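Visitor: mmCIF, N, CA and C atoms, saved as entry_26.cif, coming up:
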```
data_start
#
loop_
_atom_site.label_atom_id
_atom_site.label_comp_id
_atom_site.auth_asym_id
_atom_site.auth_seq_id
_atom_site.Cartn_x
_atom_site.Cartn_y
_atom_site.Cartn_z
N MET A 19 -21.61 -3.02 -26.99
CA MET A 19 -20.36 -2.83 -26.28
C MET A 19 -20.56 -3.18 -24.81
N ARG A 20 -19.67 -4.01 -24.25
CA ARG A 20 -19.74 -4.40 -22.85
C ARG A 20 -19.20 -3.29 -21.97
N PRO A 21 -19.81 -3.11 -20.80
CA PRO A 21 -19.22 -2.14 -19.88
C PRO A 21 -17.88 -2.66 -19.40
N GLN A 22 -16.96 -1.75 -19.20
CA GLN A 22 -15.62 -2.13 -18.75
C GLN A 22 -15.69 -2.61 -17.30
N GLN A 23 -15.08 -3.77 -17.04
CA GLN A 23 -15.09 -4.33 -15.69
C GLN A 23 -14.11 -3.53 -14.84
N SER A 24 -14.54 -3.18 -13.64
CA SER A 24 -13.70 -2.43 -12.73
C SER A 24 -13.24 -3.35 -11.61
N PHE A 25 -11.94 -3.43 -11.40
CA PHE A 25 -11.39 -4.26 -10.35
C PHE A 25 -11.08 -3.40 -9.13
N PRO A 26 -11.14 -3.98 -7.95
CA PRO A 26 -10.70 -3.22 -6.77
C PRO A 26 -9.24 -2.79 -6.95
N THR A 27 -8.85 -1.79 -6.20
CA THR A 27 -7.55 -1.17 -6.39
C THR A 27 -6.65 -1.32 -5.17
N VAL A 28 -5.39 -1.63 -5.42
CA VAL A 28 -4.34 -1.52 -4.41
C VAL A 28 -3.51 -0.31 -4.83
N LEU A 29 -3.33 0.61 -3.90
CA LEU A 29 -2.59 1.84 -4.19
C LEU A 29 -1.22 1.77 -3.52
N VAL A 30 -0.18 1.94 -4.33
CA VAL A 30 1.20 1.92 -3.86
C VAL A 30 1.74 3.35 -3.92
N VAL A 31 2.30 3.82 -2.80
CA VAL A 31 2.85 5.18 -2.73
C VAL A 31 4.30 5.07 -2.27
N ASP A 32 5.22 5.32 -3.19
CA ASP A 32 6.65 5.29 -2.86
C ASP A 32 7.39 6.16 -3.86
N ASP A 33 8.29 7.00 -3.36
CA ASP A 33 9.01 7.90 -4.26
C ASP A 33 10.30 7.29 -4.80
N THR A 34 10.62 6.06 -4.43
CA THR A 34 11.79 5.37 -4.95
C THR A 34 11.35 4.44 -6.09
N PRO A 35 11.78 4.74 -7.33
CA PRO A 35 11.30 3.96 -8.48
C PRO A 35 11.53 2.45 -8.35
N SER A 36 12.69 2.03 -7.86
CA SER A 36 12.97 0.59 -7.79
C SER A 36 12.04 -0.12 -6.80
N ILE A 37 11.75 0.51 -5.69
CA ILE A 37 10.83 -0.08 -4.70
C ILE A 37 9.42 -0.12 -5.27
N ARG A 38 9.02 0.98 -5.90
CA ARG A 38 7.69 1.04 -6.51
C ARG A 38 7.51 -0.07 -7.53
N GLU A 39 8.49 -0.27 -8.40
CA GLU A 39 8.41 -1.30 -9.43
C GLU A 39 8.40 -2.71 -8.82
N LEU A 40 9.19 -2.93 -7.79
CA LEU A 40 9.19 -4.23 -7.11
C LEU A 40 7.82 -4.52 -6.52
N LEU A 41 7.23 -3.53 -5.87
CA LEU A 41 5.90 -3.72 -5.28
C LEU A 41 4.86 -4.00 -6.36
N ILE A 42 4.89 -3.25 -7.45
CA ILE A 42 3.94 -3.46 -8.54
C ILE A 42 4.06 -4.88 -9.08
N HIS A 43 5.27 -5.28 -9.39
CA HIS A 43 5.52 -6.61 -9.96
C HIS A 43 5.03 -7.71 -9.02
N THR A 44 5.37 -7.60 -7.75
CA THR A 44 4.99 -8.62 -6.77
C THR A 44 3.47 -8.66 -6.61
N LEU A 45 2.85 -7.50 -6.49
CA LEU A 45 1.41 -7.46 -6.27
C LEU A 45 0.63 -7.98 -7.47
N ARG A 46 1.09 -7.68 -8.67
CA ARG A 46 0.39 -8.16 -9.86
C ARG A 46 0.34 -9.68 -9.93
N SER A 47 1.35 -10.34 -9.39
CA SER A 47 1.34 -11.80 -9.39
C SER A 47 0.60 -12.37 -8.19
N LEU A 48 0.21 -11.50 -7.26
CA LEU A 48 -0.38 -11.96 -6.00
C LEU A 48 -1.88 -11.73 -5.90
N VAL A 49 -2.36 -10.60 -6.37
CA VAL A 49 -3.77 -10.26 -6.18
C VAL A 49 -4.44 -9.88 -7.51
N PRO A 50 -5.73 -10.21 -7.63
CA PRO A 50 -6.47 -9.86 -8.85
C PRO A 50 -7.02 -8.44 -8.77
N TYR A 51 -6.22 -7.53 -8.32
CA TYR A 51 -6.63 -6.14 -8.15
C TYR A 51 -5.89 -5.27 -9.16
N GLU A 52 -6.47 -4.13 -9.45
CA GLU A 52 -5.75 -3.13 -10.24
C GLU A 52 -4.70 -2.51 -9.32
N ILE A 53 -3.48 -2.39 -9.80
CA ILE A 53 -2.41 -1.79 -9.01
C ILE A 53 -2.14 -0.40 -9.57
N ILE A 54 -2.30 0.60 -8.73
CA ILE A 54 -1.98 1.97 -9.12
C ILE A 54 -0.81 2.41 -8.26
N ALA A 55 0.21 2.96 -8.89
CA ALA A 55 1.39 3.43 -8.15
C ALA A 55 1.60 4.91 -8.39
N VAL A 56 1.85 5.63 -7.31
CA VAL A 56 2.11 7.07 -7.37
C VAL A 56 3.34 7.38 -6.52
N THR A 57 3.86 8.58 -6.68
CA THR A 57 5.11 8.94 -6.02
C THR A 57 4.96 9.77 -4.76
N ASP A 58 3.76 10.31 -4.49
CA ASP A 58 3.62 11.15 -3.31
C ASP A 58 2.20 11.11 -2.74
N ALA A 59 2.05 11.69 -1.57
CA ALA A 59 0.77 11.67 -0.86
C ALA A 59 -0.31 12.46 -1.60
N THR A 60 0.07 13.56 -2.23
CA THR A 60 -0.91 14.37 -2.96
C THR A 60 -1.56 13.55 -4.06
N ALA A 61 -0.76 12.83 -4.82
CA ALA A 61 -1.30 11.98 -5.89
C ALA A 61 -2.13 10.84 -5.30
N ALA A 62 -1.69 10.30 -4.17
CA ALA A 62 -2.43 9.22 -3.53
C ALA A 62 -3.81 9.69 -3.09
N LEU A 63 -3.87 10.87 -2.50
CA LEU A 63 -5.16 11.40 -2.05
C LEU A 63 -6.10 11.67 -3.22
N ALA A 64 -5.54 12.06 -4.37
CA ALA A 64 -6.37 12.27 -5.56
C ALA A 64 -6.97 10.94 -6.02
N VAL A 65 -6.19 9.88 -6.02
CA VAL A 65 -6.70 8.55 -6.39
C VAL A 65 -7.78 8.13 -5.40
N LEU A 66 -7.50 8.30 -4.12
CA LEU A 66 -8.43 7.87 -3.08
C LEU A 66 -9.75 8.65 -3.10
N SER A 67 -9.71 9.87 -3.59
CA SER A 67 -10.96 10.64 -3.67
C SER A 67 -11.80 10.21 -4.86
N ALA A 68 -11.19 9.50 -5.81
CA ALA A 68 -11.90 9.10 -7.02
C ALA A 68 -12.43 7.67 -6.98
N ARG A 69 -11.90 6.85 -6.09
CA ARG A 69 -12.31 5.44 -6.07
C ARG A 69 -12.01 4.80 -4.73
N PRO A 70 -12.74 3.73 -4.41
CA PRO A 70 -12.42 3.00 -3.17
C PRO A 70 -11.13 2.21 -3.34
N VAL A 71 -10.36 2.15 -2.29
CA VAL A 71 -9.09 1.43 -2.30
C VAL A 71 -9.05 0.54 -1.06
N PRO A 72 -9.14 -0.78 -1.23
CA PRO A 72 -9.11 -1.67 -0.07
C PRO A 72 -7.76 -1.71 0.65
N LEU A 73 -6.67 -1.47 -0.11
CA LEU A 73 -5.34 -1.54 0.49
C LEU A 73 -4.45 -0.43 -0.04
N LEU A 74 -3.87 0.32 0.91
CA LEU A 74 -2.89 1.36 0.61
C LEU A 74 -1.55 0.87 1.16
N ILE A 75 -0.55 0.85 0.28
CA ILE A 75 0.82 0.53 0.71
C ILE A 75 1.63 1.80 0.52
N THR A 76 2.15 2.33 1.61
CA THR A 76 2.86 3.60 1.54
C THR A 76 4.20 3.55 2.24
N ASP A 77 5.14 4.29 1.67
CA ASP A 77 6.43 4.49 2.31
C ASP A 77 6.22 5.46 3.48
N TYR A 78 7.09 5.41 4.47
CA TYR A 78 7.01 6.35 5.59
C TYR A 78 7.51 7.73 5.16
N HIS A 79 8.65 7.76 4.47
CA HIS A 79 9.25 9.03 4.07
C HIS A 79 8.82 9.38 2.64
N LEU A 80 7.83 10.24 2.51
CA LEU A 80 7.40 10.74 1.21
C LEU A 80 7.84 12.19 1.10
N THR A 81 7.82 12.73 -0.11
CA THR A 81 8.30 14.09 -0.31
C THR A 81 7.37 15.14 0.29
N ASP A 82 6.08 14.83 0.41
CA ASP A 82 5.13 15.86 0.84
C ASP A 82 4.37 15.54 2.13
N MET A 83 4.58 14.36 2.69
CA MET A 83 3.87 13.97 3.91
C MET A 83 4.47 12.66 4.40
N ARG A 84 4.49 12.44 5.70
CA ARG A 84 4.92 11.14 6.22
C ARG A 84 3.84 10.10 5.97
N GLY A 85 4.23 8.85 5.86
CA GLY A 85 3.29 7.77 5.61
C GLY A 85 2.24 7.61 6.68
N ASP A 86 2.61 7.81 7.95
CA ASP A 86 1.62 7.70 9.02
C ASP A 86 0.60 8.83 8.96
N GLU A 87 1.02 10.01 8.51
CA GLU A 87 0.09 11.13 8.32
C GLU A 87 -0.86 10.85 7.16
N LEU A 88 -0.33 10.27 6.08
CA LEU A 88 -1.18 9.88 4.95
C LEU A 88 -2.19 8.84 5.43
N ALA A 89 -1.75 7.86 6.20
CA ALA A 89 -2.65 6.82 6.71
C ALA A 89 -3.77 7.43 7.54
N ALA A 90 -3.45 8.38 8.40
CA ALA A 90 -4.47 9.02 9.24
C ALA A 90 -5.47 9.79 8.39
N THR A 91 -4.98 10.48 7.37
CA THR A 91 -5.86 11.23 6.47
C THR A 91 -6.80 10.28 5.74
N VAL A 92 -6.26 9.17 5.26
CA VAL A 92 -7.06 8.18 4.53
C VAL A 92 -8.10 7.55 5.45
N LYS A 93 -7.70 7.14 6.64
CA LYS A 93 -8.62 6.48 7.57
C LYS A 93 -9.74 7.41 8.03
N ALA A 94 -9.47 8.73 8.04
CA ALA A 94 -10.50 9.68 8.46
C ALA A 94 -11.68 9.68 7.49
N THR A 95 -11.41 9.45 6.21
CA THR A 95 -12.49 9.47 5.22
C THR A 95 -12.86 8.07 4.73
N SER A 96 -11.96 7.12 4.89
CA SER A 96 -12.20 5.76 4.41
C SER A 96 -11.68 4.75 5.44
N PRO A 97 -12.40 4.59 6.56
CA PRO A 97 -11.90 3.75 7.64
C PRO A 97 -11.73 2.27 7.29
N MET A 98 -12.36 1.82 6.21
CA MET A 98 -12.22 0.42 5.81
C MET A 98 -10.95 0.15 5.00
N THR A 99 -10.28 1.19 4.53
CA THR A 99 -9.03 1.01 3.80
C THR A 99 -7.96 0.52 4.75
N ARG A 100 -7.32 -0.58 4.38
CA ARG A 100 -6.23 -1.12 5.18
C ARG A 100 -4.93 -0.45 4.74
N VAL A 101 -4.02 -0.21 5.69
CA VAL A 101 -2.78 0.50 5.39
C VAL A 101 -1.58 -0.33 5.81
N LEU A 102 -0.69 -0.56 4.85
CA LEU A 102 0.60 -1.20 5.08
C LEU A 102 1.66 -0.14 4.84
N MET A 103 2.42 0.19 5.87
CA MET A 103 3.47 1.19 5.74
C MET A 103 4.81 0.47 5.66
N ILE A 104 5.67 0.94 4.77
CA ILE A 104 7.01 0.39 4.63
C ILE A 104 8.01 1.51 4.84
N THR A 105 9.16 1.15 5.40
CA THR A 105 10.17 2.17 5.66
C THR A 105 11.55 1.53 5.74
N ALA A 106 12.56 2.32 5.42
CA ALA A 106 13.95 1.90 5.59
C ALA A 106 14.52 2.50 6.86
N ASP A 107 13.72 3.25 7.59
CA ASP A 107 14.15 3.93 8.80
C ASP A 107 14.16 2.93 9.95
N VAL A 108 15.34 2.37 10.22
CA VAL A 108 15.45 1.35 11.26
C VAL A 108 15.23 1.92 12.66
N GLU A 109 15.23 3.23 12.78
CA GLU A 109 14.96 3.86 14.07
C GLU A 109 13.48 3.72 14.46
N LEU A 110 12.64 3.52 13.45
CA LEU A 110 11.22 3.35 13.72
C LEU A 110 10.96 1.93 14.18
N ASP A 111 10.04 1.79 15.06
CA ASP A 111 9.65 0.48 15.55
C ASP A 111 8.50 -0.02 14.69
N ALA A 112 8.70 -1.14 14.01
CA ALA A 112 7.67 -1.69 13.11
C ALA A 112 6.40 -2.03 13.87
N GLU A 113 6.49 -2.18 15.16
CA GLU A 113 5.31 -2.50 15.96
C GLU A 113 4.78 -1.28 16.71
N ALA A 114 5.28 -0.10 16.37
CA ALA A 114 4.82 1.12 17.04
C ALA A 114 3.31 1.25 16.87
N GLY A 115 2.70 1.92 17.80
CA GLY A 115 1.24 1.98 17.82
C GLY A 115 0.64 3.09 16.98
N TRP A 116 0.90 3.11 15.70
CA TRP A 116 0.24 4.08 14.83
C TRP A 116 -1.21 3.64 14.67
N ALA A 117 -2.12 4.44 15.13
CA ALA A 117 -3.53 4.06 15.12
C ALA A 117 -4.06 3.83 13.71
N SER A 118 -3.53 4.52 12.73
CA SER A 118 -4.05 4.43 11.37
C SER A 118 -3.29 3.46 10.48
N VAL A 119 -2.24 2.85 10.99
CA VAL A 119 -1.42 1.91 10.21
C VAL A 119 -1.73 0.50 10.69
N ASP A 120 -2.15 -0.35 9.75
CA ASP A 120 -2.53 -1.71 10.10
C ASP A 120 -1.32 -2.65 10.22
N ARG A 121 -0.28 -2.34 9.46
CA ARG A 121 0.92 -3.20 9.46
C ARG A 121 2.10 -2.36 8.97
N CYS A 122 3.30 -2.66 9.46
CA CYS A 122 4.51 -1.95 9.03
C CYS A 122 5.60 -2.97 8.74
N LEU A 123 6.33 -2.75 7.65
CA LEU A 123 7.48 -3.57 7.29
C LEU A 123 8.71 -2.67 7.19
N ILE A 124 9.83 -3.15 7.72
CA ILE A 124 11.09 -2.41 7.64
C ILE A 124 11.88 -2.93 6.44
N LYS A 125 12.29 -2.00 5.53
CA LYS A 125 13.09 -2.36 4.36
C LYS A 125 14.55 -2.54 4.79
N PRO A 126 15.26 -3.47 4.20
CA PRO A 126 14.76 -4.43 3.21
C PRO A 126 14.00 -5.56 3.91
N PHE A 127 12.96 -6.01 3.29
CA PHE A 127 12.18 -7.10 3.86
C PHE A 127 12.08 -8.21 2.82
N PRO A 128 12.00 -9.46 3.26
CA PRO A 128 11.83 -10.56 2.30
C PRO A 128 10.47 -10.44 1.62
N ILE A 129 10.41 -10.84 0.37
CA ILE A 129 9.15 -10.80 -0.37
C ILE A 129 8.08 -11.60 0.37
N ARG A 130 8.46 -12.68 1.02
CA ARG A 130 7.47 -13.48 1.75
C ARG A 130 6.79 -12.66 2.85
N ASP A 131 7.50 -11.68 3.43
CA ASP A 131 6.88 -10.82 4.45
C ASP A 131 5.83 -9.90 3.81
N LEU A 132 6.13 -9.42 2.62
CA LEU A 132 5.14 -8.61 1.89
C LEU A 132 3.92 -9.46 1.56
N VAL A 133 4.15 -10.66 1.06
CA VAL A 133 3.05 -11.58 0.72
C VAL A 133 2.20 -11.86 1.96
N ALA A 134 2.85 -12.11 3.08
CA ALA A 134 2.11 -12.39 4.32
C ALA A 134 1.30 -11.18 4.77
N ALA A 135 1.89 -10.00 4.67
CA ALA A 135 1.18 -8.79 5.08
C ALA A 135 -0.03 -8.54 4.19
N VAL A 136 0.14 -8.65 2.89
CA VAL A 136 -0.97 -8.43 1.96
C VAL A 136 -2.04 -9.49 2.19
N SER A 137 -1.63 -10.73 2.41
CA SER A 137 -2.58 -11.82 2.66
C SER A 137 -3.40 -11.55 3.92
N THR A 138 -2.78 -10.95 4.92
CA THR A 138 -3.46 -10.63 6.17
C THR A 138 -4.41 -9.45 6.00
N LEU A 139 -4.01 -8.47 5.20
CA LEU A 139 -4.77 -7.22 5.11
C LEU A 139 -5.92 -7.26 4.10
N LEU A 140 -5.79 -8.09 3.08
CA LEU A 140 -6.86 -8.18 2.08
C LEU A 140 -7.77 -9.36 2.39
N PRO A 141 -9.02 -9.31 1.92
CA PRO A 141 -9.90 -10.47 2.11
C PRO A 141 -9.25 -11.72 1.55
N SER A 142 -9.42 -12.85 2.22
CA SER A 142 -8.74 -14.08 1.82
C SER A 142 -9.05 -14.51 0.41
N LYS A 143 -10.25 -14.27 -0.08
CA LYS A 143 -10.59 -14.66 -1.45
C LYS A 143 -9.87 -13.81 -2.49
N ALA A 144 -9.30 -12.68 -2.07
CA ALA A 144 -8.64 -11.79 -3.02
C ALA A 144 -7.20 -12.17 -3.30
N VAL A 145 -6.60 -12.92 -2.39
CA VAL A 145 -5.18 -13.22 -2.51
C VAL A 145 -4.99 -14.62 -3.06
N GLY A 146 -4.22 -14.70 -4.14
CA GLY A 146 -3.92 -16.00 -4.75
C GLY A 146 -2.44 -16.18 -4.88
N ARG A 147 -2.04 -17.40 -5.12
CA ARG A 147 -0.60 -17.63 -5.28
C ARG A 147 -0.32 -18.25 -6.59
#
```
Take the structure in the file and give it back as structure tokens.
Guide:
Amino acid sequence: MRPQQSFPTVLVVDDTPSIRELLIHTLRSLVPYEIIAVTDATAALAVLSARPVPLLITDYHLTDMRGDELAATVKATSPMTRVLMITADVELDAEAGWASVDRCLIKPFPIRDLVAAVSTLLPSKAVGR
């Protein structure tokens, strides 16, 4: 029996099912990574404690924690994890200086912006088209 191959993981955290599904679908066609999607920060932290995650994509407004707080918690234990935060809150500045957030997109955003952000945040050999 062959050992099961383990792929790097992209973790998606969003409590809106339609956004979560859109992200999963887009990422599966973009990167050769395992895509894990959860609905809140608690579940995300459980995944992160069990495995390395090169890229975390999180909504800003989660039910149990803000996305920037989740990013800070993640970076404290895993500084190499890149964080892409997404939000529909137009009051937030996508270029605000969140120390733990590597990139922010304001919803709705074109899929090409997501592709560009993921391409920037993941190693170049990981992203395919």
Visitor: Pick out each residue of region 21-83 of chain A that DSSP on the backbone tags as alpha helix (DSSP H); I need them as a VMD selection string.
Guide: chain A and resid 35 to 48 59 to 68
Visitor: Could you turn the residues from that selection into a file that holds N, CA and C atoms, as a PDB file, in the coordinates of the input?
Guide:
```
ATOM      1  N   PRO A  35      11.780   4.740  -7.330  1.00  0.00           N
ATOM      2  CA  PRO A  35      11.300   3.960  -8.480  1.00  0.00           C
ATOM      3  C   PRO A  35      11.530   2.450  -8.350  1.00  0.00           C
ATOM      4  N   SER A  36      12.690   2.030  -7.860  1.00  0.00           N
ATOM      5  CA  SER A  36      12.970   0.590  -7.790  1.00  0.00           C
ATOM      6  C   SER A  36      12.040  -0.120  -6.800  1.00  0.00           C
ATOM      7  N   ILE A  37      11.750   0.510  -5.690  1.00  0.00           N
ATOM      8  CA  ILE A  37      10.830  -0.080  -4.700  1.00  0.00           C
ATOM      9  C   ILE A  37       9.420  -0.120  -5.270  1.00  0.00           C
ATOM     10  N   ARG A  38       9.020   0.980  -5.900  1.00  0.00           N
ATOM     11  CA  ARG A  38       7.690   1.040  -6.510  1.00  0.00           C
ATOM     12  C   ARG A  38       7.510  -0.070  -7.530  1.00  0.00           C
ATOM     13  N   GLU A  39       8.490  -0.270  -8.400  1.00  0.00           N
ATOM     14  CA  GLU A  39       8.410  -1.300  -9.430  1.00  0.00           C
ATOM     15  C   GLU A  39       8.400  -2.710  -8.820  1.00  0.00           C
ATOM     16  N   LEU A  40       9.190  -2.930  -7.790  1.00  0.00           N
ATOM     17  CA  LEU A  40       9.190  -4.230  -7.110  1.00  0.00           C
ATOM     18  C   LEU A  40       7.820  -4.520  -6.520  1.00  0.00           C
ATOM     19  N   LEU A  41       7.230  -3.530  -5.870  1.00  0.00           N
ATOM     20  CA  LEU A  41       5.900  -3.720  -5.280  1.00  0.00           C
ATOM     21  C   LEU A  41       4.860  -4.000  -6.360  1.00  0.00           C
ATOM     22  N   ILE A  42       4.890  -3.250  -7.450  1.00  0.00           N
ATOM     23  CA  ILE A  42       3.940  -3.460  -8.540  1.00  0.00           C
ATOM     24  C   ILE A  42       4.060  -4.880  -9.080  1.00  0.00           C
ATOM     25  N   HIS A  43       5.270  -5.280  -9.390  1.00  0.00           N
ATOM     26  CA  HIS A  43       5.520  -6.610  -9.960  1.00  0.00           C
ATOM     27  C   HIS A  43       5.030  -7.710  -9.020  1.00  0.00           C
ATOM     28  N   THR A  44       5.370  -7.600  -7.750  1.00  0.00           N
ATOM     29  CA  THR A  44       4.990  -8.620  -6.770  1.00  0.00           C
ATOM     30  C   THR A  44       3.470  -8.660  -6.610  1.00  0.00           C
ATOM     31  N   LEU A  45       2.850  -7.500  -6.490  1.00  0.00           N
ATOM     32  CA  LEU A  45       1.410  -7.460  -6.270  1.00  0.00           C
ATOM     33  C   LEU A  45       0.630  -7.980  -7.470  1.00  0.00           C
ATOM     34  N   ARG A  46       1.090  -7.680  -8.670  1.00  0.00           N
ATOM     35  CA  ARG A  46       0.390  -8.160  -9.860  1.00  0.00           C
ATOM     36  C   ARG A  46       0.340  -9.680  -9.930  1.00  0.00           C
ATOM     37  N   SER A  47       1.350 -10.340  -9.390  1.00  0.00           N
ATOM     38  CA  SER A  47       1.340 -11.800  -9.390  1.00  0.00           C
ATOM     39  C   SER A  47       0.600 -12.370  -8.190  1.00  0.00           C
ATOM     40  N   LEU A  48       0.210 -11.500  -7.260  1.00  0.00           N
ATOM     41  CA  LEU A  48      -0.380 -11.960  -6.000  1.00  0.00           C
ATOM     42  C   LEU A  48      -1.880 -11.730  -5.900  1.00  0.00           C
ATOM     43  N   ALA A  59       2.050  11.690  -1.570  1.00  0.00           N
ATOM     44  CA  ALA A  59       0.770  11.670  -0.860  1.00  0.00           C
ATOM     45  C   ALA A  59      -0.310  12.460  -1.600  1.00  0.00           C
ATOM     46  N   THR A  60       0.070  13.560  -2.230  1.00  0.00           N
ATOM     47  CA  THR A  60      -0.910  14.370  -2.960  1.00  0.00           C
ATOM     48  C   THR A  60      -1.560  13.550  -4.060  1.00  0.00           C
ATOM     49  N   ALA A  61      -0.760  12.830  -4.820  1.00  0.00           N
ATOM     50  CA  ALA A  61      -1.300  11.980  -5.890  1.00  0.00           C
ATOM     51  C   ALA A  61      -2.130  10.840  -5.300  1.00  0.00           C
ATOM     52  N   ALA A  62      -1.690  10.300  -4.170  1.00  0.00           N
ATOM     53  CA  ALA A  62      -2.430   9.220  -3.530  1.00  0.00           C
ATOM     54  C   ALA A  62      -3.810   9.690  -3.090  1.00  0.00           C
ATOM     55  N   LEU A  63      -3.870  10.870  -2.500  1.00  0.00           N
ATOM     56  CA  LEU A  63      -5.160  11.400  -2.050  1.00  0.00           C
ATOM     57  C   LEU A  63      -6.100  11.670  -3.220  1.00  0.00           C
ATOM     58  N   ALA A  64      -5.540  12.060  -4.370  1.00  0.00           N
ATOM     59  CA  ALA A  64      -6.370  12.270  -5.560  1.00  0.00           C
ATOM     60  C   ALA A  64      -6.970  10.940  -6.020  1.00  0.00           C
ATOM     61  N   VAL A  65      -6.190   9.880  -6.020  1.00  0.00           N
ATOM     62  CA  VAL A  65      -6.700   8.550  -6.390  1.00  0.00           C
ATOM     63  C   VAL A  65      -7.780   8.130  -5.400  1.00  0.00           C
ATOM     64  N   LEU A  66      -7.500   8.300  -4.120  1.00  0.00           N
ATOM     65  CA  LEU A  66      -8.430   7.870  -3.080  1.00  0.00           C
ATOM     66  C   LEU A  66      -9.750   8.650  -3.100  1.00  0.00           C
ATOM     67  N   SER A  67      -9.710   9.870  -3.590  1.00  0.00           N
ATOM     68  CA  SER A  67     -10.960  10.640  -3.670  1.00  0.00           C
ATOM     69  C   SER A  67     -11.800  10.210  -4.860  1.00  0.00           C
ATOM     70  N   ALA A  68     -11.190   9.500  -5.810  1.00  0.00           N
ATOM     71  CA  ALA A  68     -11.900   9.100  -7.020  1.00  0.00           C
ATOM     72  C   ALA A  68     -12.430   7.670  -6.980  1.00  0.00           C
TER      73      ALA A  68
END
```
Visitor: Any idea what's packed within 6.5 Å of Ala59 (chain A), counting all atoms listed in the file, ignoring anything in its chain fewer than 5 positions away? Could you give it as a ChimeraX atom specification?
Guide: /A:64,80-83,88
Visitor: Please write the residues picked by the PyMOL selection byres (((chain A and resi 74-77 and name CA) around 8) and name CA) on this file as a list of chain:residue names.
Guide: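 Evaluating the PyMOL selection byres (((chain A and resi 74-77 and name CA) around 8) and name CA) on this file yields A:Val28, A:Leu29, A:Val30, A:Val31, A:Asp32, A:Asp33, A:Val71, A:Pro72, A:Leu73, A:Tyr78, A:His79, A:Leu80, A:Arg84, A:Gly85, A:Thr99, A:Arg100, A:Val101, A:Leu102, A:Met103, A:Ile104, A:Thr105.
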Visitor: So, with only C-alpha atoms as the atoms that count, which of A:Met98, A:Thr27, A:Ser137, A:Glu39 lies closest to Val65 (chain A)?
Guide: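 Residue with the minimum atom-to-atom distance to Val65 (chain A): A:Thr27.
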Visitor: As a tab-separated table (two decimals) with N, CA and C atoms, in the coordinates of the input, please: all residues of region 23-141 of chain A that backbone DSSP puts in strand (DSSP E or B).
Guide:
```
chain	number	residue	atom	x	y	z
A	27	THR	N	-8.85	-1.79	-6.20
A	27	THR	CA	-7.55	-1.17	-6.39
A	27	THR	C	-6.65	-1.32	-5.17
A	28	VAL	N	-5.39	-1.63	-5.42
A	28	VAL	CA	-4.34	-1.52	-4.41
A	28	VAL	C	-3.51	-0.31	-4.83
A	29	LEU	N	-3.33	0.61	-3.90
A	29	LEU	CA	-2.59	1.84	-4.19
A	29	LEU	C	-1.22	1.77	-3.52
A	30	VAL	N	-0.18	1.94	-4.33
A	30	VAL	CA	1.20	1.92	-3.86
A	30	VAL	C	1.74	3.35	-3.92
A	31	VAL	N	2.30	3.82	-2.80
A	31	VAL	CA	2.85	5.18	-2.73
A	31	VAL	C	4.30	5.07	-2.27
A	52	GLU	N	-6.47	-4.13	-9.45
A	52	GLU	CA	-5.75	-3.13	-10.24
A	52	GLU	C	-4.70	-2.51	-9.32
A	53	ILE	N	-3.48	-2.39	-9.80
A	53	ILE	CA	-2.41	-1.79	-9.01
A	53	ILE	C	-2.14	-0.40	-9.57
A	54	ILE	N	-2.30	0.60	-8.73
A	54	ILE	CA	-1.98	1.97	-9.12
A	54	ILE	C	-0.81	2.41	-8.26
A	55	ALA	N	0.21	2.96	-8.89
A	55	ALA	CA	1.39	3.43	-8.15
A	55	ALA	C	1.60	4.91	-8.39
A	56	VAL	N	1.85	5.63	-7.31
A	56	VAL	CA	2.11	7.07	-7.37
A	56	VAL	C	3.34	7.38	-6.52
A	73	LEU	N	-6.67	-1.47	-0.11
A	73	LEU	CA	-5.34	-1.54	0.49
A	73	LEU	C	-4.45	-0.43	-0.04
A	74	LEU	N	-3.87	0.32	0.91
A	74	LEU	CA	-2.89	1.36	0.61
A	74	LEU	C	-1.55	0.87	1.16
A	75	ILE	N	-0.55	0.85	0.28
A	75	ILE	CA	0.82	0.53	0.71
A	75	ILE	C	1.63	1.80	0.52
A	76	THR	N	2.15	2.33	1.61
A	76	THR	CA	2.86	3.60	1.54
A	76	THR	C	4.20	3.55	2.24
A	77	ASP	N	5.14	4.29	1.67
A	77	ASP	CA	6.43	4.49	2.31
A	77	ASP	C	6.22	5.46	3.48
A	79	HIS	N	8.65	7.76	4.47
A	79	HIS	CA	9.25	9.03	4.07
A	79	HIS	C	8.82	9.38	2.64
A	84	ARG	N	4.49	12.44	5.70
A	84	ARG	CA	4.92	11.14	6.22
A	84	ARG	C	3.84	10.10	5.97
A	100	ARG	N	-7.32	-0.58	4.38
A	100	ARG	CA	-6.23	-1.12	5.18
A	100	ARG	C	-4.93	-0.45	4.74
A	101	VAL	N	-4.02	-0.21	5.69
A	101	VAL	CA	-2.78	0.50	5.39
A	101	VAL	C	-1.58	-0.33	5.81
A	102	LEU	N	-0.69	-0.56	4.85
A	102	LEU	CA	0.60	-1.20	5.08
A	102	LEU	C	1.66	-0.14	4.84
A	103	MET	N	2.42	0.19	5.87
A	103	MET	CA	3.47	1.19	5.74
A	103	MET	C	4.81	0.47	5.66
A	104	ILE	N	5.67	0.94	4.77
A	104	ILE	CA	7.01	0.39	4.63
A	104	ILE	C	8.01	1.51	4.84
A	105	THR	N	9.16	1.15	5.40
A	105	THR	CA	10.17	2.17	5.66
A	105	THR	C	11.55	1.53	5.74
A	121	ARG	N	-0.28	-2.34	9.46
A	121	ARG	CA	0.92	-3.20	9.46
A	121	ARG	C	2.10	-2.36	8.97
A	122	CYS	N	3.30	-2.66	9.46
A	122	CYS	CA	4.51	-1.95	9.03
A	122	CYS	C	5.60	-2.97	8.74
A	123	LEU	N	6.33	-2.75	7.65
A	123	LEU	CA	7.48	-3.57	7.29
A	123	LEU	C	8.71	-2.67	7.19
A	124	ILE	N	9.83	-3.15	7.72
A	124	ILE	CA	11.09	-2.41	7.64
A	124	ILE	C	11.88	-2.93	6.44
```
Visitor: One decimal, in Å: what's the spacing between CA of Asp58 (chain A) and atom C of Ala117 (chain A)?
Guide: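 Going from CA of Asp58 (chain A) over to atom C of Ala117 (chain A) covers 20.1 Å.
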